[in-house]
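See below for entry06.txt, which holds compact mmCIF, C-alpha atoms.
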```
# COMPACT_ATOMS: atom_id res chain seq x y z
CA MET R 234 38.44 1.60 9.48
CA CYS R 235 36.38 3.95 11.62
CA PRO R 236 36.73 3.77 15.42
CA PRO R 237 33.79 2.42 17.48
CA GLY R 238 30.81 4.74 17.83
CA VAL R 239 31.29 6.62 14.54
CA ASP R 240 28.06 6.89 12.52
CA GLN R 241 28.70 5.34 9.10
CA THR R 242 25.15 5.58 7.79
CA GLU R 243 25.92 7.91 4.91
CA ARG R 244 28.83 5.81 3.66
CA GLY R 245 26.31 3.48 2.01
CA PRO R 246 23.15 3.99 -0.06
CA GLN R 247 20.10 5.29 1.72
CA CYS R 248 17.46 2.67 2.57
CA TRP R 249 13.74 3.32 2.80
CA ALA R 250 10.90 1.78 4.77
CA ILE R 251 7.33 2.77 5.53
CA LEU R 252 7.03 2.69 9.31
CA VAL R 253 3.76 2.28 11.22
CA PRO R 254 4.78 2.78 14.89
CA ARG R 255 1.31 2.38 16.35
CA LEU R 256 1.11 -1.14 14.86
CA GLN R 257 4.85 -1.86 15.05
CA GLN R 258 4.88 -2.75 11.36
CA GLN R 259 7.08 -1.81 8.40
CA CYS R 260 7.15 -2.17 4.63
CA SER R 261 10.74 -2.05 3.38
CA PHE R 262 12.09 -1.16 -0.06
CA SER R 263 15.19 -2.71 -1.62
CA SER R 264 18.47 -0.77 -1.81
CA PRO R 265 19.78 -0.46 -5.37
CA ARG R 266 23.32 -0.37 -6.68
CA ILE R 267 24.34 3.22 -7.45
CA PRO R 268 26.44 3.69 -10.65
CA SER R 269 29.87 5.14 -9.85
CA PHE R 270 29.49 8.05 -12.29
CA VAL R 271 26.37 9.45 -10.61
CA THR R 272 27.00 12.84 -8.99
CA SER R 273 25.54 13.99 -5.68
CA GLN R 274 23.02 16.16 -7.52
CA GLU R 275 21.81 13.27 -9.68
CA ARG R 276 21.46 10.87 -6.75
CA PHE R 277 18.21 12.55 -5.78
CA PHE R 278 16.53 10.74 -8.67
CA MET R 279 17.95 7.33 -7.82
CA PRO R 280 15.80 4.82 -5.89
CA GLN R 281 17.84 5.58 -2.74
CA SER R 282 16.10 8.95 -2.67
CA PRO R 283 12.38 9.67 -2.17
CA GLY R 284 12.12 10.60 -5.85
CA GLY R 285 13.34 7.16 -6.79
CA THR R 286 10.49 5.40 -5.01
CA LEU R 287 7.99 6.95 -7.42
CA PHE R 288 6.94 5.62 -10.83
CA GLN R 289 8.91 2.39 -10.33
CA ALA R 290 6.48 -0.42 -11.12
CA GLY R 291 8.18 -3.05 -8.99
CA ASP R 292 9.62 -1.01 -6.14
CA HIS R 293 6.77 0.73 -4.38
CA VAL R 294 3.69 -1.42 -4.92
CA TRP R 295 2.87 -1.85 -1.24
CA ASP R 296 -0.86 -2.24 -1.90
CA ALA R 297 -2.19 0.87 -0.18
CA TRP R 298 -5.75 -0.09 -1.13
CA SER R 299 -5.84 -3.27 0.97
CA LYS R 300 -4.18 -1.48 3.90
CA LEU R 301 -6.27 1.70 3.91
CA ALA R 302 -9.64 1.07 2.20
CA ARG R 303 -12.50 0.69 4.66
CA PRO R 304 -15.40 -1.54 3.51
CA PRO R 305 -18.53 0.53 2.80
CA ARG R 306 -21.12 0.79 5.54
CA ALA R 307 -23.57 -1.38 3.59
CA ALA R 308 -21.06 -4.24 3.12
CA HIS R 309 -22.10 -7.57 4.60
CA ASP R 310 -21.65 -11.28 4.03
CA ASP R 311 -24.47 -11.46 1.48
CA SER R 312 -22.82 -8.88 -0.80
CA LEU R 313 -21.32 -11.73 -2.84
CA GLN R 314 -24.69 -13.12 -3.82
CA CYS R 315 -25.27 -10.70 -6.67
CA TYR R 316 -22.05 -11.89 -8.33
CA MET R 317 -22.55 -15.64 -7.87
CA THR R 318 -24.14 -17.59 -10.71
CA PRO R 319 -26.76 -20.08 -9.48
CA HIS R 320 -26.17 -23.70 -10.47
CA SER R 321 -28.49 -26.65 -10.05
CA ARG R 322 -27.61 -30.30 -10.47
CA ALA R 323 -29.67 -33.45 -10.30
CA ARG R 324 -26.98 -35.43 -8.51
CA PHE R 325 -24.08 -34.49 -6.26
CA SER R 326 -20.83 -36.27 -5.59
CA THR R 327 -20.02 -37.49 -2.09
CA ILE R 328 -17.88 -34.47 -1.26
CA GLU R 329 -20.46 -32.07 -2.70
CA SER R 330 -23.06 -33.60 -0.37
CA ILE R 331 -21.05 -32.81 2.77
CA PRO R 332 -22.83 -30.26 5.02
CA ALA R 333 -21.58 -26.69 4.75
CA GLU R 334 -20.28 -26.73 8.31
CA MET R 335 -18.08 -29.74 7.58
CA LEU R 336 -16.79 -28.21 4.34
CA SER R 337 -15.88 -25.08 6.28
CA LEU R 338 -13.79 -27.19 8.66
CA VAL R 339 -12.05 -28.84 5.71
CA LEU R 340 -11.24 -25.54 4.01
CA ASN R 341 -9.91 -24.02 7.25
CA ALA R 342 -7.43 -26.84 7.80
CA PRO R 343 -3.99 -25.28 8.55
CA SER R 344 -2.30 -27.64 6.09
CA LEU R 345 -4.15 -26.17 3.10
CA SER R 346 -2.48 -23.42 1.13
CA ARG R 347 -4.40 -20.70 -0.66
CA THR R 348 -3.73 -22.51 -3.94
CA ASP R 349 -5.18 -25.73 -2.46
CA ILE R 350 -8.36 -23.92 -1.40
CA VAL R 351 -8.82 -22.31 -4.82
CA ALA R 352 -8.22 -25.63 -6.60
CA PHE R 353 -10.75 -27.32 -4.30
CA GLY R 354 -13.37 -24.67 -5.07
CA LEU R 355 -12.78 -24.70 -8.81
CA ALA R 356 -13.34 -28.44 -8.93
CA SER R 357 -17.10 -27.93 -8.81
CA PRO R 358 -19.70 -25.15 -9.10
CA THR R 359 -21.17 -26.54 -5.87
CA LEU R 360 -17.88 -26.26 -3.96
CA TRP R 361 -16.85 -22.87 -5.32
CA PRO R 362 -19.23 -20.75 -3.16
CA HIS R 363 -17.72 -22.33 -0.02
CA ALA R 364 -14.19 -21.43 -1.13
CA LEU R 365 -15.32 -17.98 -2.19
CA ARG R 366 -16.81 -17.19 1.21
CA LEU R 367 -13.58 -18.22 2.92
CA ILE R 368 -11.63 -15.94 0.59
CA ALA R 369 -14.03 -13.07 1.30
CA HIS R 370 -13.79 -13.54 5.08
CA ASP R 371 -9.98 -13.66 4.97
CA CYS R 372 -9.79 -10.46 2.93
CA ARG R 373 -12.43 -8.74 5.07
CA ASP R 374 -10.59 -9.53 8.30
CA SER R 375 -7.38 -7.97 6.96
CA ALA R 376 -8.97 -4.95 5.23
CA ALA R 377 -7.90 -1.44 6.24
CA SER R 378 -5.26 -2.71 8.70
CA TRP R 379 -3.35 0.60 8.48
CA ALA R 380 -6.40 2.89 8.37
CA GLY R 381 -6.15 5.54 11.08
CA ALA R 382 -2.52 4.70 11.96
CA GLU R 383 0.33 7.18 11.43
CA ILE R 384 2.69 6.24 8.56
CA ALA R 385 5.83 7.71 6.99
CA ASN R 386 8.35 6.51 4.40
CA ILE R 387 11.58 7.01 6.35
CA GLY R 388 15.07 7.24 4.82
CA THR R 389 18.06 6.15 6.88
CA TYR R 390 19.84 9.51 6.37
CA LEU R 391 17.33 11.29 8.64
CA THR R 392 18.64 13.45 11.49
CA GLU R 393 15.27 14.25 13.06
CA LEU R 394 11.86 12.58 13.18
CA PRO R 395 8.63 13.72 11.53
CA PRO R 396 6.70 15.90 14.01
CA GLN R 397 3.87 13.35 14.28
CA PHE R 398 6.38 10.61 15.20
CA GLU R 399 7.87 12.96 17.82
CA LYS R 400 4.45 13.77 19.25
CA ASP R 401 3.81 11.89 22.48
CA SER R 402 7.06 9.97 21.76
CA LEU R 403 5.12 7.80 19.30
CA LEU R 404 8.15 6.15 17.68
CA ALA R 405 10.30 6.07 20.82
CA THR R 406 7.66 4.19 22.82
CA SER R 407 7.09 1.66 20.03
CA VAL R 408 10.68 0.33 20.07
CA GLY R 409 12.79 -1.26 22.75
CA PRO R 410 15.69 0.38 24.64
CA VAL R 411 18.00 2.30 22.31
CA ASP R 412 21.80 2.32 22.70
CA THR R 413 23.20 5.84 23.26
CA PHE R 414 26.87 5.03 22.60
CA GLY R 415 28.59 6.99 19.82
CA ASP R 416 27.73 10.06 17.79
CA MET R 417 24.65 8.84 15.88
CA TYR R 418 21.58 11.08 15.78
CA THR R 419 18.80 9.96 18.10
CA ALA R 420 16.36 9.88 15.17
CA ARG R 421 18.61 7.43 13.33
CA ARG R 422 18.92 5.24 16.40
CA LEU R 423 15.15 5.08 16.72
CA ASN R 424 14.75 4.36 13.00
CA TYR R 425 17.28 1.51 13.12
CA ALA R 426 15.55 0.15 16.21
CA ALA R 427 12.22 0.20 14.37
CA LEU R 428 13.73 -1.55 11.35
CA SER R 429 15.04 -4.21 13.70
CA ASP R 430 11.95 -4.60 15.91
CA PHE R 431 8.94 -3.93 13.68
CA LYS R 432 7.23 -6.77 11.87
CA ILE R 433 7.83 -6.74 8.11
CA VAL R 434 4.49 -6.71 6.31
CA GLY R 435 4.60 -8.96 3.27
CA GLU R 436 2.09 -9.37 0.50
CA SER R 437 -1.52 -8.73 1.41
CA PRO R 438 -4.01 -11.62 1.49
CA GLN R 439 -5.65 -10.06 -1.56
CA THR R 440 -2.41 -10.32 -3.55
CA GLN R 441 -1.82 -13.89 -2.41
CA TRP R 442 -5.36 -14.95 -3.31
CA ARG R 443 -5.03 -13.36 -6.75
CA ARG R 444 -1.86 -15.33 -7.42
CA ALA R 445 -3.51 -18.56 -6.25
CA PHE R 446 -6.64 -17.98 -8.34
CA TYR R 447 -4.89 -17.14 -11.59
CA SER R 448 -2.55 -20.12 -11.21
CA GLN R 449 -5.58 -22.45 -11.30
CA TRP R 450 -8.34 -20.67 -13.20
CA VAL R 451 -8.82 -21.10 -16.96
CA PRO R 452 -10.02 -17.86 -18.63
CA GLY R 453 -13.57 -18.21 -19.84
CA ALA R 454 -14.31 -21.18 -17.60
CA TYR R 455 -16.55 -21.24 -14.55
CA PRO R 456 -16.56 -19.28 -12.33
CA CYS R 457 -16.55 -15.85 -13.90
CA GLU R 458 -13.64 -13.67 -12.90
CA GLU R 459 -15.97 -11.03 -11.50
CA GLU R 460 -17.14 -13.39 -8.76
CA PHE R 461 -13.60 -13.87 -7.50
CA LEU R 462 -12.61 -10.20 -7.69
CA ALA R 463 -15.75 -9.24 -5.73
CA ALA R 464 -14.61 -11.49 -2.89
CA LEU R 465 -11.32 -9.61 -2.47
CA PHE R 466 -13.06 -6.54 -1.05
CA PRO R 467 -16.37 -6.69 0.85
CA ALA R 468 -18.60 -4.16 -0.88
CA PRO R 469 -22.17 -4.00 -2.19
CA CYS R 470 -22.67 -4.69 -5.89
CA GLY R 471 -21.27 -1.86 -8.00
CA ALA R 472 -19.53 -0.09 -5.10
CA LEU R 473 -16.02 -0.64 -6.46
CA SER R 474 -16.87 1.24 -9.64
CA LYS R 475 -18.02 4.31 -7.69
CA ALA R 476 -15.96 7.28 -6.53
CA TRP R 477 -13.71 6.88 -3.48
CA VAL R 478 -11.62 9.33 -1.49
CA LEU R 479 -8.17 8.98 0.07
CA ARG R 480 -8.38 10.96 3.32
CA ASN R 481 -5.64 12.52 5.41
CA LEU R 482 -7.24 12.17 8.83
CA THR R 483 -4.61 14.40 10.44
CA THR R 484 -5.08 17.48 8.25
CA LYS R 485 -8.63 16.85 6.98
CA GLU R 486 -7.57 16.84 3.33
CA TYR R 487 -8.72 14.39 0.69
CA VAL R 488 -7.95 13.14 -2.83
CA ARG R 489 -10.61 11.74 -5.13
CA CYS R 490 -9.80 8.32 -6.57
CA ARG R 491 -11.27 5.32 -8.36
CA PHE R 492 -10.58 1.61 -8.16
CA ASP R 493 -9.53 -0.17 -11.35
CA THR R 494 -10.91 -3.72 -11.07
CA GLY R 495 -8.76 -4.89 -13.97
CA LYS R 496 -5.50 -3.72 -12.40
CA GLN R 497 -6.81 -4.27 -8.86
CA GLN R 498 -5.38 -0.91 -7.84
CA ALA R 499 -6.73 2.54 -6.97
CA PHE R 500 -5.78 5.62 -8.99
CA VAL R 501 -6.22 9.35 -8.48
CA GLU R 502 -9.23 10.60 -10.40
CA THR R 503 -7.63 12.50 -13.28
CA GLU R 504 -7.66 12.45 -17.06
CA ALA R 505 -3.93 13.09 -17.19
CA LEU R 506 -1.01 10.92 -16.10
CA PRO R 507 -2.17 7.72 -14.32
CA ILE R 508 -1.28 8.23 -10.67
CA SER R 509 -1.73 5.32 -8.29
CA ILE R 510 -2.68 5.90 -4.68
CA GLU R 511 0.76 4.58 -3.69
CA GLU R 512 2.42 7.25 -5.84
CA ALA R 513 0.14 9.99 -4.50
CA LEU R 514 1.08 9.09 -0.95
CA MET R 515 4.80 8.79 -1.72
CA LEU R 516 4.78 12.38 -2.94
CA ARG R 517 4.03 13.54 0.60
CA ILE R 518 4.94 10.88 3.19
CA CYS R 519 8.71 10.60 2.58
CA TRP R 520 11.02 11.84 5.31
CA THR R 521 14.80 12.10 5.53
CA THR R 522 17.52 14.73 5.84
CA SER R 523 18.61 15.69 2.37
CA CYS R 524 22.31 15.84 1.64
CA TYR R 525 21.80 17.33 -1.81
CA ASP R 526 21.98 21.04 -2.53
CA TRP R 527 20.16 20.93 -5.87
CA GLN R 528 16.55 19.80 -5.88
CA GLU R 529 13.82 21.11 -8.13
CA GLN R 530 11.19 19.31 -6.07
CA ASP R 531 12.22 18.32 -2.57
CA LEU R 532 10.35 15.23 -1.41
CA SER R 533 12.58 14.63 1.59
CA ARG R 534 10.32 16.61 3.94
CA GLY R 535 6.90 15.26 3.05
CA ALA R 536 4.05 17.43 4.26
CA TRP R 537 2.08 14.29 5.17
CA ALA R 538 4.91 12.29 6.79
CA GLY R 539 3.62 10.73 10.00
CA HIS R 540 -0.03 11.42 9.24
CA ALA R 541 -2.93 8.95 9.39
CA PHE R 542 -5.01 7.96 6.35
CA ASP R 543 -7.90 5.89 5.12
CA ILE R 544 -9.82 5.32 1.86
CA VAL R 545 -13.62 5.45 1.98
CA LEU R 546 -16.56 5.42 -0.41
CA ALA R 547 -17.30 9.02 -1.38
CA ASP R 548 -21.09 8.60 -1.11
CA ASP R 549 -20.70 7.47 2.51
CA GLU R 550 -18.44 10.26 3.75
CA ILE R 551 -18.47 13.34 1.49
CA PRO R 552 -21.64 14.88 3.03
CA THR R 553 -20.13 14.70 6.51
CA MET R 554 -16.75 15.92 5.27
CA GLU R 555 -18.35 18.95 3.62
CA ARG R 556 -20.00 19.89 6.91
CA GLU R 557 -16.63 19.55 8.68
CA ALA R 558 -14.84 21.75 6.10
CA TRP R 559 -12.48 19.17 4.66
CA MET R 560 -10.24 20.42 1.84
CA GLU R 561 -9.88 18.66 -1.52
CA VAL R 562 -6.26 18.51 -2.77
CA THR R 563 -6.67 16.30 -5.85
CA ASP R 564 -5.43 18.98 -8.25
CA GLU R 565 -2.36 19.70 -6.10
CA ILE R 566 -1.40 16.01 -6.03
CA VAL R 567 -1.79 15.75 -9.82
CA LYS R 568 0.47 18.79 -10.33
CA GLU R 569 3.12 17.39 -8.00
CA ALA R 570 3.00 13.99 -9.71
CA ARG R 571 3.32 15.56 -13.16
CA LYS R 572 6.33 17.56 -12.05
CA GLU R 573 8.03 14.57 -10.42
CA HIS R 574 7.34 12.34 -13.41
CA GLY R 575 8.77 14.97 -15.76
CA LEU R 576 11.93 15.35 -13.68
CA ARG R 577 12.49 11.61 -13.56
CA GLN R 578 11.84 11.24 -17.29
CA LYS R 579 14.34 14.00 -18.06
CA THR R 580 17.00 12.39 -15.87
CA GLU R 581 16.43 8.87 -17.21
CA GLU R 582 16.77 10.12 -20.79
CA THR R 583 20.13 11.68 -19.88
CA TYR R 584 21.67 8.73 -18.03
CA ASP R 585 21.60 4.96 -18.40
CA TRP R 586 20.89 3.89 -14.83
CA SER R 587 21.46 0.22 -15.63
CA ALA R 588 25.10 0.80 -16.53
```

Could you quickly redo this structure as structure tokens?
Amino acid sequence: MCPPGVDQTERGPQCWAILVPRLQQQCSFSSPRIPSFVTSQERFFMPQSPGGTLFQAGDHVWDAWSKLARPPRAAHDDSLQCYMTPHSRARFSTIESIPAEMLSLVLNAPSLSRTDIVAFGLASPTLWPHALRLIAHDCRDSAASWAGAEIANIGTYLTELPPQFEKDSLLATSVGPVDTFGDMYTARRLNYAALSDFKIVGESPQTQWRRAFYSQWVPGAYPCEEEFLAALFPAPCGALSKAWVLRNLTTKEYVRCRFDTGKQQAFVETEALPISIEEALMLRICWTTSCYDWQEQDLSRGAWAGHAFDIVLADDEIPTMEREAWMEVTDEIVKEARKEHGLRQKTEETYDWSA
């Protein structure tokens, strides 16, 4: 047993969390069990390392689109109208005849879950537009909550902070008093304080509404799926199918991307390996102190760790960005993703990680 004050961080598997100091929020990733036969060199590819947070379908889907995508400038409340199918009826039921203001009060009742609201709306073509507007307002109010805020995927083995988290004591001022007893690095103390103090961000409203909708909706029935999906992100008709850009606001770099309405996720614009926006960011926002000597691609010192980002419609921003000499790095991200995917594939073919 170690005496009091001895730092025992590296005796266990490394844990990862995306920290957003300016908002005092975090998105944590689970810590896996490491097989006993894995060597120190091979551990780089395990989920305890930055490499392990990539290309894992269930581990890193933190919904970057809902947190970073800014609604287009032309978005407004009427943008849903082009998706909504008009319906006319000769007679209405008692509840369908209730004024819109009263229905709004009913739907905003705290006791109603998202599933209740969807079920209420699906009960009638007349009630559905009221539910749909509530869904759209909820998603609009939470859109781009992390846009413009510094983020980094921090590993608990770190011994120093990303420069942007050091700047103006950004992380230090976002946590409470930190204990100085023992031999633990200051960066680790601050990281543990953030993990303890920061609010854990769960599923986005968009994800929760999707689950509620698909638990009640019958494929092929009214309403059409397109109406619902349009409500999840306030945008003019057709905007989601256009080109978007992921922007690094700190370095003035950008990556071209497109939104897949079927998968409800944004991907880097490339004909090669599908690369989600989450994966693209993970390639460059991870930060820790590596304890491994052999690394073909070191992700532990991400060039974008601690930087601020957003996702915007290309048509809205590209002209201004060209005048301000922004640099496109789409090809570089694709090359890095290909290399990382190849390294992981090679390692997974060699070892059975589930053993």

Between atom CA of R:Glu486 and atom CA of R:Met560, distance in Å (one decimal):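 Atom CA of R:Glu486 sits 4.7 Å away from atom CA of R:Met560.
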
Neighbour list for stretch 406-421 of chain R as a list in words, cut-off 8 Å, all atoms listed in the file, skip fewer than 2 positions in-chain: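 Near neighbours after the sequence-gap exclusion: Pro237, Gly238, Val239, Asp240, Pro254, Arg255, Gln257, Thr389, Tyr390, Leu391, Thr392, Glu393, Leu394, Ser402, Leu403, Leu404, Leu423, Asn424, Tyr425, Ala426, Ala427, Asp430 and Phe431 of chain R.
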
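Comparing the minimum interatomic distances between R:Pro332 and each of R:Leu365, R:Cys519, R:Leu360, R:Ala445, counting only C-alpha atoms, we find that R:Leu360 sits nearest.
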
Distance of atom CA of R:Ala369 from atom CA of R:Ala463, expressed in Å to one decimal place: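 These two atoms are separated by 8.2 Å.
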
Residue with smallest distance to R:Arg373 - pool R:Arg443, R:Arg489, R:Arg571, R:Arg303, counting only C-alpha atoms: R:Arg303

Best match for closeness to R:Ala464 among R:Pro396, R:Pro362, R:Gly535, R:Gly435, counting only C-alpha atoms: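 The answer is R:Pro362, which sits nearest to R:Ala464.
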
Coordinates-based distance that separates atom CA of R:Gly388 from atom CA of R:Cys248 (Å, one decimal):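 Interatomic distance here is 5.6 Å.
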
Residue contacts of R:Glu329 (10 Å, only C-alpha atoms) excluding same-chain residues fewer than 5 positions away, as a VMD selection string: chain R and resid 324 336 357 to 360

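For the residues R:Ala476, R:Ile518, R:Ala380, R:Leu546, ranking by smallest atom-to-atom distance to R:Leu256 using all atoms listed in the file places R:Ala380 first.
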
Residue nearest R:Glu565 among R:Arg517, R:Glu550, R:Val253, R:Ile544 (counting only C-alpha atoms):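 Closest residue, counting only C-alpha atoms: R:Arg517.
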
Top pick for closest residue to R:Pro395, considering R:Ala377, R:Val434, R:Glu383, R:Met554 and counting all atoms listed in the file: R:Glu383

Distance query 8 Å from (-8.8, -14.1, -0.5) using all atoms listed in the file, result as a count of residues only: 15

Polymer residues at most 12 Å from R:Asp493, all atoms listed in the file, same-chain spacing of 3 or more positions, as a PyMOL selection string: chain R and resi 298+462+472-477+490+496-502+507-510
